[in-house]
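> Following this line is entry.tsv, made up of TSV, C-alpha atoms and all ligand atoms:
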chain	number	residue	atom	x	y	z
A	1397	MET	CA	-33.17	10.35	-10.34
A	1398	SER	CA	-31.67	13.58	-11.65
A	1399	THR	CA	-27.92	13.99	-11.24
A	1400	SER	CA	-28.41	16.56	-8.45
A	1401	GLU	CA	-30.39	14.15	-6.25
A	1402	LYS	CA	-28.75	11.84	-3.80
A	1403	PRO	CA	-28.78	8.20	-4.84
A	1404	GLU	CA	-29.44	5.44	-2.32
A	1405	ILE	CA	-26.37	3.50	-3.35
A	1406	SER	CA	-22.94	4.63	-4.48
A	1407	VAL	CA	-20.44	2.17	-5.91
A	1408	GLY	CA	-16.92	3.60	-5.76
A	1409	LEU	CA	-14.32	2.00	-8.01
A	1410	PRO	CA	-10.63	2.82	-7.39
A	1411	ALA	CA	-8.88	2.36	-10.74
A	1412	TYR	CA	-5.26	2.50	-11.70
A	1413	ASN	CA	-4.34	1.37	-15.21
A	1414	GLU	CA	-7.44	-0.77	-15.59
A	1415	GLU	CA	-8.06	-0.09	-19.29
A	1416	GLY	CA	-8.49	-3.83	-19.90
A	1417	ASN	CA	-10.97	-4.35	-17.07
A	1418	ILE	CA	-12.90	-1.17	-16.39
A	1419	ARG	CA	-15.55	-1.41	-19.14
A	1420	LYS	CA	-16.67	-4.87	-18.06
A	1421	VAL	CA	-16.48	-3.99	-14.36
A	1422	VAL	CA	-18.66	-0.89	-14.84
A	1423	SER	CA	-21.18	-2.61	-17.13
A	1424	ASP	CA	-21.43	-5.64	-14.81
A	1425	ALA	CA	-21.93	-3.23	-11.90
A	1426	ILE	CA	-24.76	-1.51	-13.80
A	1427	MET	CA	-26.43	-4.86	-14.47
A	1428	ALA	CA	-26.22	-5.81	-10.79
A	1429	LEU	CA	-27.47	-2.40	-9.66
A	1430	LYS	CA	-30.43	-2.51	-12.02
A	1431	LYS	CA	-31.64	-5.63	-10.21
A	1432	GLN	CA	-31.98	-3.56	-7.03
A	1433	ASN	CA	-35.02	-1.41	-6.66
A	1434	ARG	CA	-32.91	1.56	-5.60
A	1435	SER	CA	-31.32	4.64	-7.14
A	1436	TRP	CA	-27.57	4.49	-7.63
A	1437	GLU	CA	-24.41	6.09	-8.94
A	1438	ILE	CA	-21.06	4.68	-9.98
A	1439	LEU	CA	-18.03	6.75	-9.09
A	1440	VAL	CA	-14.75	5.78	-10.74
A	1441	ILE	CA	-11.64	7.20	-9.10
A	1442	ASP	CA	-8.85	7.34	-11.63
A	1443	ASN	CA	-5.60	7.34	-9.68
A	1444	HIS	CA	-3.57	9.03	-12.41
A	1445	SER	CA	-3.55	6.07	-14.82
A	1446	SER	CA	-1.13	6.20	-17.73
A	1447	ASP	CA	-3.31	3.99	-19.95
A	1448	GLY	CA	-6.78	4.54	-21.47
A	1449	THR	CA	-8.81	4.00	-18.28
A	1450	VAL	CA	-10.19	7.56	-18.25
A	1451	ALA	CA	-11.14	7.48	-21.95
A	1452	VAL	CA	-13.09	4.23	-21.49
A	1453	VAL	CA	-14.99	5.62	-18.49
A	1454	LYS	CA	-15.75	8.93	-20.23
A	1455	ASP	CA	-17.08	7.00	-23.20
A	1456	MET	CA	-19.43	5.08	-20.89
A	1457	MET	CA	-20.51	8.31	-19.17
A	1458	LYS	CA	-22.03	9.48	-22.47
A	1459	GLU	CA	-24.50	6.60	-22.21
A	1460	ASP	CA	-25.38	6.97	-18.54
A	1461	PRO	CA	-25.15	10.13	-16.38
A	1462	ARG	CA	-25.15	7.97	-13.26
A	1463	ILE	CA	-21.51	7.17	-14.00
A	1464	ARG	CA	-19.08	9.79	-12.70
A	1465	ILE	CA	-15.30	10.07	-12.68
A	1466	ILE	CA	-12.88	11.76	-10.33
A	1467	GLU	CA	-9.44	12.16	-11.85
A	1468	HIS	CA	-6.48	12.43	-9.51
A	1469	GLU	CA	-3.90	14.84	-10.87
A	1470	LYS	CA	-1.21	12.62	-9.31
A	1471	ASN	CA	-1.17	9.12	-7.90
A	1472	ARG	CA	-2.49	9.21	-4.35
A	1473	PHE	CA	-2.09	5.54	-3.47
A	1474	TYR	CA	-5.07	3.24	-2.97
A	1475	SER	CA	-5.84	4.99	0.32
A	1476	GLY	CA	-6.16	8.34	-1.50
A	1477	SER	CA	-8.74	6.82	-3.86
A	1478	VAL	CA	-10.75	5.61	-0.88
A	1479	ALA	CA	-10.48	9.09	0.68
A	1480	SER	CA	-11.90	10.59	-2.54
A	1481	ILE	CA	-14.83	8.16	-2.44
A	1482	LEU	CA	-15.54	9.02	1.22
A	1483	ARG	CA	-15.62	12.68	0.25
A	1484	GLU	CA	-17.45	12.51	-3.08
A	1485	ALA	CA	-19.91	9.60	-2.90
A	1486	LYS	CA	-23.46	10.85	-2.39
A	1487	GLY	CA	-25.24	7.59	-1.55
A	1488	ASP	CA	-26.85	6.59	1.75
A	1489	PHE	CA	-24.94	3.32	1.35
A	1490	ILE	CA	-21.50	3.25	-0.21
A	1491	MET	CA	-19.67	0.27	-1.64
A	1492	ILE	CA	-15.98	0.45	-2.50
A	1493	MET	CA	-14.83	-2.28	-4.85
A	1494	ASP	CA	-11.56	-2.93	-6.69
A	1495	SER	CA	-11.98	-2.41	-10.42
A	1496	ASP	CA	-9.79	-5.25	-11.67
A	1497	GLY	CA	-12.69	-7.70	-11.99
A	1498	GLN	CA	-11.82	-9.79	-8.91
A	1499	PHE	CA	-15.07	-8.83	-7.14
A	1500	THR	CA	-18.69	-8.42	-8.15
A	1501	VAL	CA	-21.49	-5.98	-7.31
A	1502	GLU	CA	-23.76	-9.06	-7.42
A	1503	ASP	CA	-22.70	-9.44	-3.77
A	1504	LEU	CA	-24.43	-6.17	-2.90
A	1505	PRO	CA	-27.59	-7.79	-1.42
A	1506	SER	CA	-25.53	-9.58	1.26
A	1507	PHE	CA	-23.90	-6.27	2.22
A	1508	MET	CA	-27.25	-4.45	2.26
A	1509	ASP	CA	-28.70	-7.17	4.44
A	1510	ALA	CA	-25.91	-6.76	7.01
A	1511	LEU	CA	-26.20	-2.94	6.90
A	1512	GLU	CA	-29.96	-3.03	7.31
A	1513	LYS	CA	-29.54	-5.34	10.29
A	1514	GLY	CA	-27.49	-2.66	12.03
A	1515	ALA	CA	-23.88	-2.83	10.83
A	1516	ASP	CA	-22.24	0.48	9.90
A	1517	PHE	CA	-19.21	-0.96	8.11
A	1518	VAL	CA	-19.19	-4.37	6.43
A	1519	LEU	CA	-16.05	-6.05	5.13
A	1520	GLY	CA	-16.02	-8.73	2.46
A	1521	TRP	CA	-14.61	-12.14	3.35
A	1522	ARG	CA	-13.01	-14.16	0.56
A	1523	ARG	CA	-13.61	-17.60	1.99
A	1524	LYS	CA	-12.61	-19.15	-1.37
A	1525	ARG	CA	-9.80	-17.10	-2.85
A	1526	ASN	CA	-8.35	-17.03	-6.35
A	1527	ASP	CA	-4.88	-15.82	-5.57
A	1528	PRO	CA	-1.35	-17.25	-5.73
A	1529	ALA	CA	-0.11	-18.98	-2.55
A	1530	PHE	CA	2.21	-16.16	-1.54
A	1531	ARG	CA	-0.76	-13.77	-1.47
A	1532	LEU	CA	-2.55	-16.06	0.95
A	1533	VAL	CA	0.48	-16.07	3.21
A	1534	ALA	CA	0.78	-12.28	2.94
A	1535	SER	CA	-2.89	-11.86	3.85
A	1536	TRP	CA	-2.51	-14.16	6.82
A	1537	ILE	CA	0.40	-12.05	8.09
A	1538	PHE	CA	-1.60	-8.82	7.55
A	1539	LYS	CA	-4.43	-10.32	9.54
A	1540	GLN	CA	-2.12	-11.25	12.43
A	1541	LEU	CA	-0.80	-7.67	12.47
A	1542	GLY	CA	-4.41	-6.44	12.49
A	1543	ARG	CA	-5.23	-8.73	15.39
A	1544	TYR	CA	-2.20	-7.57	17.34
A	1545	TRP	CA	-2.42	-3.82	16.75
A	1546	LEU	CA	-6.15	-3.22	16.19
A	1547	GLY	CA	-7.89	-6.16	17.85
A	1548	PHE	CA	-9.21	-7.23	14.44
A	1549	ASN	CA	-11.29	-10.35	15.03
A	1550	LEU	CA	-12.91	-11.05	11.65
A	1551	HIS	CA	-11.66	-13.15	8.72
A	1552	ASP	CA	-10.32	-10.89	6.00
A	1553	LEU	CA	-8.49	-7.62	6.60
A	1554	ASN	CA	-7.49	-6.84	3.04
A	1555	CYS	CA	-10.53	-7.70	0.97
A	1556	GLY	CA	-11.11	-5.31	-1.96
A	1557	ILE	CA	-14.87	-5.03	-1.47
A	1558	ARG	CA	-16.61	-3.42	1.50
A	1559	MET	CA	-19.68	-1.32	2.14
A	1560	PHE	CA	-20.82	1.17	4.76
A	1561	ASN	CA	-23.55	3.60	5.63
A	1562	ARG	CA	-23.53	7.38	5.68
A	1563	ARG	CA	-22.92	7.46	9.41
A	1564	PHE	CA	-19.66	5.61	8.84
A	1565	ALA	CA	-18.78	7.79	5.82
A	1566	GLU	CA	-19.19	10.95	7.93
A	1567	ALA	CA	-17.03	9.58	10.75
A	1568	ALA	CA	-14.28	7.92	8.72
A	1569	GLU	CA	-11.10	9.70	7.82
A	1570	ILE	CA	-8.24	8.40	5.71
A	1571	THR	CA	-4.93	10.08	6.39
A	1572	ALA	CA	-2.30	7.49	5.43
A	1573	ASN	CA	-0.65	7.32	2.04
A	1574	ILE	CA	-0.49	3.59	1.43
A	1575	ASN	CA	-1.80	0.98	-0.99
A	1576	LEU	CA	-4.43	-0.33	1.39
A	1577	ALA	CA	-7.35	1.14	3.28
A	1578	ASN	CA	-9.12	-1.49	5.37
A	1579	PRO	CA	-6.96	-1.19	8.52
A	1580	GLU	CA	-7.62	2.57	8.71
A	1581	LEU	CA	-11.33	2.11	7.92
A	1582	TYR	CA	-11.55	-0.59	10.57
A	1583	ALA	CA	-9.72	1.61	13.09
A	1584	CYS	CA	-12.25	4.42	12.35
A	1585	ALA	CA	-15.13	2.07	13.16
A	1586	VAL	CA	-13.50	1.00	16.43
A	1587	LYS	CA	-12.65	4.57	17.39
A	1588	HIS	CA	-16.21	5.80	16.79
A	1589	ASN	CA	-17.88	2.76	18.35
A	1590	LEU	CA	-19.50	1.79	15.07
A	1591	GLN	CA	-20.73	-1.71	14.31
A	1592	VAL	CA	-18.50	-3.80	12.07
A	1593	GLY	CA	-19.75	-6.82	10.15
A	1594	GLU	CA	-18.53	-9.17	7.44
A	1595	VAL	CA	-20.15	-11.10	4.60
A	1596	GLU	CA	-18.80	-13.83	2.36
A	1597	VAL	CA	-18.05	-12.62	-1.16
A	1598	HIS	CA	-17.09	-14.10	-4.50
A	1599	HIS	CA	-13.48	-13.74	-5.57
A	1600	PHE	CA	-12.24	-14.20	-9.13
A	1601	PRO	CA	-8.73	-14.41	-10.58
A	1602	ARG	CA	-7.32	-11.23	-12.08
A	1603	LEU	CA	-7.79	-11.71	-15.84
A	1604	GLN	CA	-6.48	-8.50	-17.38
A	1605	GLY	CA	-3.89	-5.95	-16.43
A	1606	GLU	CA	-0.79	-6.47	-14.42
A	1607	THR	CA	-0.54	-7.29	-10.79
A	1608	CYS	CA	1.29	-4.60	-8.89
A	1609	ASN	CA	2.06	-7.05	-6.11
A	1610	THR	CA	5.00	-9.41	-6.31
A	1611	LEU	CA	6.37	-11.56	-3.48
A	1612	ALA	CA	9.24	-9.09	-3.03
A	1613	ASP	CA	6.72	-6.21	-2.75
A	1614	SER	CA	4.69	-8.14	-0.20
A	1615	LEU	CA	7.75	-8.77	1.94
A	1616	ARG	CA	8.79	-5.14	1.70
A	1617	ILE	CA	5.34	-3.94	2.60
A	1618	PHE	CA	5.14	-5.91	5.87
A	1619	ALA	CA	7.40	-3.43	7.63
A	1620	THR	CA	5.36	-0.52	6.24
A	1621	VAL	CA	2.06	-2.14	7.19
A	1622	ASN	CA	3.35	-2.94	10.66
A	1623	ARG	CA	4.32	0.70	11.18
A	1624	HIS	CA	0.99	1.88	9.73
A	1625	MET	CA	-1.07	-0.30	12.05
A	1626	LYS	CA	1.05	0.63	15.06
A	1627	GLU	CA	0.31	4.30	14.32
A	1628	LEU	CA	-3.39	3.55	13.95
A	1629	SER	CA	-3.38	1.69	17.28
A	1630	GLU	CA	-1.92	4.75	19.00
A	1631	ASN	CA	-5.00	6.78	17.96
A	1632	LEU	CA	-7.72	4.29	18.88
A	1701	LIG	N1	-1.66	-1.07	-7.21
A	1701	LIG	C1	-2.45	0.01	-7.19
A	1701	LIG	N2	-3.76	-0.16	-7.38
A	1701	LIG	C2	-4.55	0.92	-7.32
A	1701	LIG	C3	-4.04	2.21	-7.08
A	1701	LIG	N3	-5.06	3.08	-7.09
A	1701	LIG	C4	-6.15	2.38	-7.34
A	1701	LIG	N4	-5.86	1.06	-7.51
A	1701	LIG	C5	-6.83	0.00	-7.79
A	1701	LIG	O1	-6.88	-0.79	-6.64
A	1701	LIG	C6	-7.36	-2.07	-6.96
A	1701	LIG	C7	-6.54	-3.13	-6.27
A	1701	LIG	O2	-5.24	-3.13	-6.82
A	1701	LIG	P1	-4.58	-4.49	-7.30
A	1701	LIG	O3	-3.27	-4.15	-7.93
A	1701	LIG	O4	-5.56	-5.29	-8.09
A	1701	LIG	O5	-4.31	-5.20	-5.91
A	1701	LIG	P2	-4.65	-6.64	-5.49
A	1701	LIG	O6	-6.03	-7.06	-5.87
A	1701	LIG	O7	-4.30	-6.70	-4.07
A	1701	LIG	O8	-3.60	-7.48	-6.32
A	1701	LIG	P3	-3.68	-8.21	-7.75
A	1701	LIG	O9	-5.07	-8.12	-8.25
A	1701	LIG	O10	-3.21	-9.57	-7.48
A	1701	LIG	O11	-2.74	-7.41	-8.57
A	1701	LIG	C8	-7.40	-2.17	-8.47
A	1701	LIG	O12	-8.70	-2.00	-8.91
A	1701	LIG	C9	-6.51	-0.99	-8.89
A	1701	LIG	O13	-6.89	-0.48	-10.14
A	1701	LIG	C10	-2.64	2.38	-6.91
A	1701	LIG	O14	-2.12	3.48	-6.70
A	1701	LIG	N5	-1.88	1.25	-6.97
A	1702	MG	MG	-6.77	-7.29	-7.55
Represent the structure of the file as structure tokens.

Amino acid sequence: MSTSEKPEISVGLPAYNEEGNIRKVVSDAIMALKKQNRSWEILVIDNHSSDGTVAVVKDMMKEDPRIRIIEHEKNRFYSGSVASILREAKGDFIMIMDSDGQFTVEDLPSFMDALEKGADFVLGWRRKRNDPAFRLVASWIFKQLGRYWLGFNLHDLNCGIRMFNRRFAEAAEITANINLANPELYACAVKHNLQVGEVEVHHFPRLQGETCNTLADSLRIFATVNRHMKELSENL
């Protein structure tokens, strides 16, 4: 595939200060993608990192033109990184995966299977999670808010790996400035009558880099998330 052609698969990686993780995440993604008999690209979205994330990615780009980077000139929250992937990814099928090493592109075949069976937007489900207890409680509360405001009826509303087809990518729009994206993506699917699915995924502990989420942050964010989902529900 030349760089001007459209790949079948895009893997979008939101990255913020992931100098310690990004090389392994990108090279593991390449290994997983090479097992597929499909063309691909990897699109790293640097959300204005202050560490060496961009330098590591640019170094890897010298070896493989299928790796691209979008550099945000200011931090645009996690949602802004997802918006950039929606706009810039060229693939027929687009995966968005956190770049801290907690997820793996090895799960791609399960997503492709669900998409090829008719789903437009497929969320990951961390049945076995590697997170501290307070994160499990926080996720449970997010899910209840999702149920209440958006009618969310699947297992995992804030999983950092999901995949969708071009139809979904054309319809979806991210407008919020917030450190999450799944509620708005899910609301887009509902609004446009698109099929939503879920697949079980692997989940690993964060090994490198600092968590940006403390218990205090989680508690503070509930009010914000509640307001965010209420707004989304008003536009369904
Ligand atoms: N926190 C944060 N992460 C961002 C941002 N932009 C992109 N990311 C990436 O989003 C992904 C998820 O962020 P994390 O901080 O790992 O969030 P999490 O997985 O919910 O929490 P921990 O892994 O426990 O810290 C990572 O790959 C980050 O590099 C941002 O503005 N803030
Ligand atoms: Mg993480």
> Taking only residues of chain A that have an atom at most 7 Å from an atom of ligand MG 1702 (chain A), what is each one's shortest atom pair and its distance in Å to one decimal, using only C-alpha atoms and all ligand atoms, in chain and number order, as JSON lines?

{"residue": "A:Asp1494", "atom": "CA", "partner": "A:MG1702", "partner_atom": "MG", "distance": 6.5}
{"residue": "A:Asp1496", "atom": "CA", "partner": "A:MG1702", "partner_atom": "MG", "distance": 5.5}
{"residue": "A:Gln1498", "atom": "CA", "partner": "A:MG1702", "partner_atom": "MG", "distance": 5.8}
{"residue": "A:Arg1602", "atom": "CA", "partner": "A:MG1702", "partner_atom": "MG", "distance": 6.0}
> Give me, as a ChimeraX atom specification, the set of residues whose atoms come within 9 Å of any atom of ligand LIG 1701 (chain A), counting all atoms listed in the file.
/A:1409-1414,1417-1418,1441-1445,1471-1478,1493-1498,1527-1528,1531,1554-1556,1574-1576,1601-1603,1605-1610
> Could you write those residues out with C-alpha atoms, as a PDB file, in the coordinates of the input?

ATOM      1  CA  LEU A1409     -14.320   2.000  -8.010  1.00  0.00           C
ATOM      2  CA  PRO A1410     -10.630   2.820  -7.390  1.00  0.00           C
ATOM      3  CA  ALA A1411      -8.880   2.360 -10.740  1.00  0.00           C
ATOM      4  CA  TYR A1412      -5.260   2.500 -11.700  1.00  0.00           C
ATOM      5  CA  ASN A1413      -4.340   1.370 -15.210  1.00  0.00           C
ATOM      6  CA  GLU A1414      -7.440  -0.770 -15.590  1.00  0.00           C
ATOM      7  CA  ASN A1417     -10.970  -4.350 -17.070  1.00  0.00           C
ATOM      8  CA  ILE A1418     -12.900  -1.170 -16.390  1.00  0.00           C
ATOM      9  CA  ILE A1441     -11.640   7.200  -9.100  1.00  0.00           C
ATOM     10  CA  ASP A1442      -8.850   7.340 -11.630  1.00  0.00           C
ATOM     11  CA  ASN A1443      -5.600   7.340  -9.680  1.00  0.00           C
ATOM     12  CA  HIS A1444      -3.570   9.030 -12.410  1.00  0.00           C
ATOM     13  CA  SER A1445      -3.550   6.070 -14.820  1.00  0.00           C
ATOM     14  CA  ASN A1471      -1.170   9.120  -7.900  1.00  0.00           C
ATOM     15  CA  ARG A1472      -2.490   9.210  -4.350  1.00  0.00           C
ATOM     16  CA  PHE A1473      -2.090   5.540  -3.470  1.00  0.00           C
ATOM     17  CA  TYR A1474      -5.070   3.240  -2.970  1.00  0.00           C
ATOM     18  CA  SER A1475      -5.840   4.990   0.320  1.00  0.00           C
ATOM     19  CA  GLY A1476      -6.160   8.340  -1.500  1.00  0.00           C
ATOM     20  CA  SER A1477      -8.740   6.820  -3.860  1.00  0.00           C
ATOM     21  CA  VAL A1478     -10.750   5.610  -0.880  1.00  0.00           C
ATOM     22  CA  MET A1493     -14.830  -2.280  -4.850  1.00  0.00           C
ATOM     23  CA  ASP A1494     -11.560  -2.930  -6.690  1.00  0.00           C
ATOM     24  CA  SER A1495     -11.980  -2.410 -10.420  1.00  0.00           C
ATOM     25  CA  ASP A1496      -9.790  -5.250 -11.670  1.00  0.00           C
ATOM     26  CA  GLY A1497     -12.690  -7.700 -11.990  1.00  0.00           C
ATOM     27  CA  GLN A1498     -11.820  -9.790  -8.910  1.00  0.00           C
ATOM     28  CA  ASP A1527      -4.880 -15.820  -5.570  1.00  0.00           C
ATOM     29  CA  PRO A1528      -1.350 -17.250  -5.730  1.00  0.00           C
ATOM     30  CA  ARG A1531      -0.760 -13.770  -1.470  1.00  0.00           C
ATOM     31  CA  ASN A1554      -7.490  -6.840   3.040  1.00  0.00           C
ATOM     32  CA  CYS A1555     -10.530  -7.700   0.970  1.00  0.00           C
ATOM     33  CA  GLY A1556     -11.110  -5.310  -1.960  1.00  0.00           C
ATOM     34  CA  ILE A1574      -0.490   3.590   1.430  1.00  0.00           C
ATOM     35  CA  ASN A1575      -1.800   0.980  -0.990  1.00  0.00           C
ATOM     36  CA  LEU A1576      -4.430  -0.330   1.390  1.00  0.00           C
ATOM     37  CA  PRO A1601      -8.730 -14.410 -10.580  1.00  0.00           C
ATOM     38  CA  ARG A1602      -7.320 -11.230 -12.080  1.00  0.00           C
ATOM     39  CA  LEU A1603      -7.790 -11.710 -15.840  1.00  0.00           C
ATOM     40  CA  GLY A1605      -3.890  -5.950 -16.430  1.00  0.00           C
ATOM     41  CA  GLU A1606      -0.790  -6.470 -14.420  1.00  0.00           C
ATOM     42  CA  THR A1607      -0.540  -7.290 -10.790  1.00  0.00           C
ATOM     43  CA  CYS A1608       1.290  -4.600  -8.890  1.00  0.00           C
ATOM     44  CA  ASN A1609       2.060  -7.050  -6.110  1.00  0.00           C
ATOM     45  CA  THR A1610       5.000  -9.410  -6.310  1.00  0.00           C
TER      46      THR A1610
END
> Find, counting all atoms listed in the file, the residue in A:Lys1431, A:Arg1525, A:Lys1513, A:Arg1623 that gets nearest to A:Phe1538.
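The closest residue to A:Phe1538 is A:Arg1623.
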> Hey, can you check how far atom CA of A:Lys1486 sits from atom CA of A:Pro1505?
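Pair atom CA of A:Lys1486 / atom CA of A:Pro1505 returns 19.1 Å.
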> When you draw a straight line from atom CA of A:His1598 to atom CA of A:Gly1520, how long is it in Å?
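Straight-line distance from atom CA of A:His1598 to atom CA of A:Gly1520 works out to 8.9 Å.
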> Interatomic distance between atom CA of A:Lys1402 and atom CA of A:Asp1488?
7.9 Å
> Is it possible to get the residues within 6 Å of (-24.9, 3.6, -5.6) (coordinates as in the file, counting all atoms listed in the file) written as a ChimeraX atom specification?
/A:1404-1407,1436-1438,1487
> Looking at all atoms listed in the file, which of A:Lys1430, A:Val1597, A:Leu1628, A:Ile1465 is the one that sits closest to A:Leu1581?
A:Leu1628
> Which residue is closest to A:Lys1626? Choose from A:Asp1509, A:Glu1580, A:Asp1613, A:Glu1596 and count all atoms listed in the file.
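Residue with the minimum atom-to-atom distance to A:Lys1626: A:Glu1580.
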> Any idea what's packed within 10 Å of A:Arg1462, counting only C-alpha atoms, ignoring anything in its chain fewer than 3 positions away? Could you give it as a list in words?
Met1397, Ser1398, Thr1399, Pro1403, Ser1406, Ile1426, Ser1435, Trp1436, Glu1437, Ile1438, Leu1439, Met1456, Met1457, Lys1458 and Glu1459 of chain A
> Could the residues in this selection be saved with C-alpha atoms as an mmCIF file, in the frame of the given file?

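Dumped to part_31.cif:
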data_model
loop_
_atom_site.group_PDB
_atom_site.id
_atom_site.type_symbol
_atom_site.label_atom_id
_atom_site.label_comp_id
_atom_site.auth_asym_id
_atom_site.auth_seq_id
_atom_site.Cartn_x
_atom_site.Cartn_y
_atom_site.Cartn_z
ATOM 1 C CA MET A 1397 -33.170 10.350 -10.340
ATOM 2 C CA SER A 1398 -31.670 13.580 -11.650
ATOM 3 C CA THR A 1399 -27.920 13.990 -11.240
ATOM 4 C CA PRO A 1403 -28.780 8.200 -4.840
ATOM 5 C CA SER A 1406 -22.940 4.630 -4.480
ATOM 6 C CA ILE A 1426 -24.760 -1.510 -13.800
ATOM 7 C CA SER A 1435 -31.320 4.640 -7.140
ATOM 8 C CA TRP A 1436 -27.570 4.490 -7.630
ATOM 9 C CA GLU A 1437 -24.410 6.090 -8.940
ATOM 10 C CA ILE A 1438 -21.060 4.680 -9.980
ATOM 11 C CA LEU A 1439 -18.030 6.750 -9.090
ATOM 12 C CA MET A 1456 -19.430 5.080 -20.890
ATOM 13 C CA MET A 1457 -20.510 8.310 -19.170
ATOM 14 C CA LYS A 1458 -22.030 9.480 -22.470
ATOM 15 C CA GLU A 1459 -24.500 6.600 -22.210
#
> Can you list, as a ChimeraX atom specification, every protein, DNA or RNA residue that comes within 10 Å of A:Leu1482 when you count only C-alpha atoms, leaving out same-chain residues fewer than 2 positions away?
/A:1408,1476-1480,1484-1486,1490,1492,1562,1564-1570
> Next, dump the selected residues to file, keeping only C-alpha atoms, as a short mmCIF file (atom, residue, chain, number, x, y, z; two decimals), in the coordinates of the input.

data_model
loop_
_atom_site.label_atom_id
_atom_site.label_comp_id
_atom_site.auth_asym_id
_atom_site.auth_seq_id
_atom_site.Cartn_x
_atom_site.Cartn_y
_atom_site.Cartn_z
CA GLY A 1408 -16.92 3.60 -5.76
CA GLY A 1476 -6.16 8.34 -1.50
CA SER A 1477 -8.74 6.82 -3.86
CA VAL A 1478 -10.75 5.61 -0.88
CA ALA A 1479 -10.48 9.09 0.68
CA SER A 1480 -11.90 10.59 -2.54
CA GLU A 1484 -17.45 12.51 -3.08
CA ALA A 1485 -19.91 9.60 -2.90
CA LYS A 1486 -23.46 10.85 -2.39
CA ILE A 1490 -21.50 3.25 -0.21
CA ILE A 1492 -15.98 0.45 -2.50
CA ARG A 1562 -23.53 7.38 5.68
CA PHE A 1564 -19.66 5.61 8.84
CA ALA A 1565 -18.78 7.79 5.82
CA GLU A 1566 -19.19 10.95 7.93
CA ALA A 1567 -17.03 9.58 10.75
CA ALA A 1568 -14.28 7.92 8.72
CA GLU A 1569 -11.10 9.70 7.82
CA ILE A 1570 -8.24 8.40 5.71
#
> If we count only C-alpha atoms and set the cut-off at 10 Å, which residues sit around A:Ser1629, ignoring sequence neighbours fewer than 6 positions away in its own chain? Please answer as a ChimeraX atom specification.
/A:1542,1544-1547,1579-1580,1583,1587,1623
> Would you put the residues from that selection into a file with C-alpha atoms, as a PDB file, in the coordinates of the input?

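Dumped to result25.pdb:
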ATOM      1  CA  GLY A1542      -4.410  -6.440  12.490  1.00  0.00           C
ATOM      2  CA  TYR A1544      -2.200  -7.570  17.340  1.00  0.00           C
ATOM      3  CA  TRP A1545      -2.420  -3.820  16.750  1.00  0.00           C
ATOM      4  CA  LEU A1546      -6.150  -3.220  16.190  1.00  0.00           C
ATOM      5  CA  GLY A1547      -7.890  -6.160  17.850  1.00  0.00           C
ATOM      6  CA  PRO A1579      -6.960  -1.190   8.520  1.00  0.00           C
ATOM      7  CA  GLU A1580      -7.620   2.570   8.710  1.00  0.00           C
ATOM      8  CA  ALA A1583      -9.720   1.610  13.090  1.00  0.00           C
ATOM      9  CA  LYS A1587     -12.650   4.570  17.390  1.00  0.00           C
ATOM     10  CA  ARG A1623       4.320   0.700  11.180  1.00  0.00           C
TER      11      ARG A1623
END
> Of the candidates A:Val1595, A:Leu1550, A:Ala1619, A:Val1586, which one gets nearest to A:Leu1511 if we count only C-alpha atoms?
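Checking each candidate against A:Leu1511, we get A:Val1595 as the closest.
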> Could you name the residues that touch A:Asp1552 at 9 Å or less, counting all atoms listed in the file, but leaving out those on the same chain fewer than 5 positions away, as number ranges by chain?
A: 1519-1523, 1535-1536, 1539, 1594
> Between A:Phe1530, A:Phe1517, A:Tyr1582, A:Phe1618, which residue has the minimum interatomic distance to A:Met1491, considering all atoms listed in the file?
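Using all atoms listed in the file, the shortest distance to A:Met1491 belongs to A:Phe1517.
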> Find, counting all atoms listed in the file, the residue in A:Ala1428, A:Ile1463, A:Leu1553, A:Ala1529 that gets nearest to A:Leu1504.
A:Ala1428
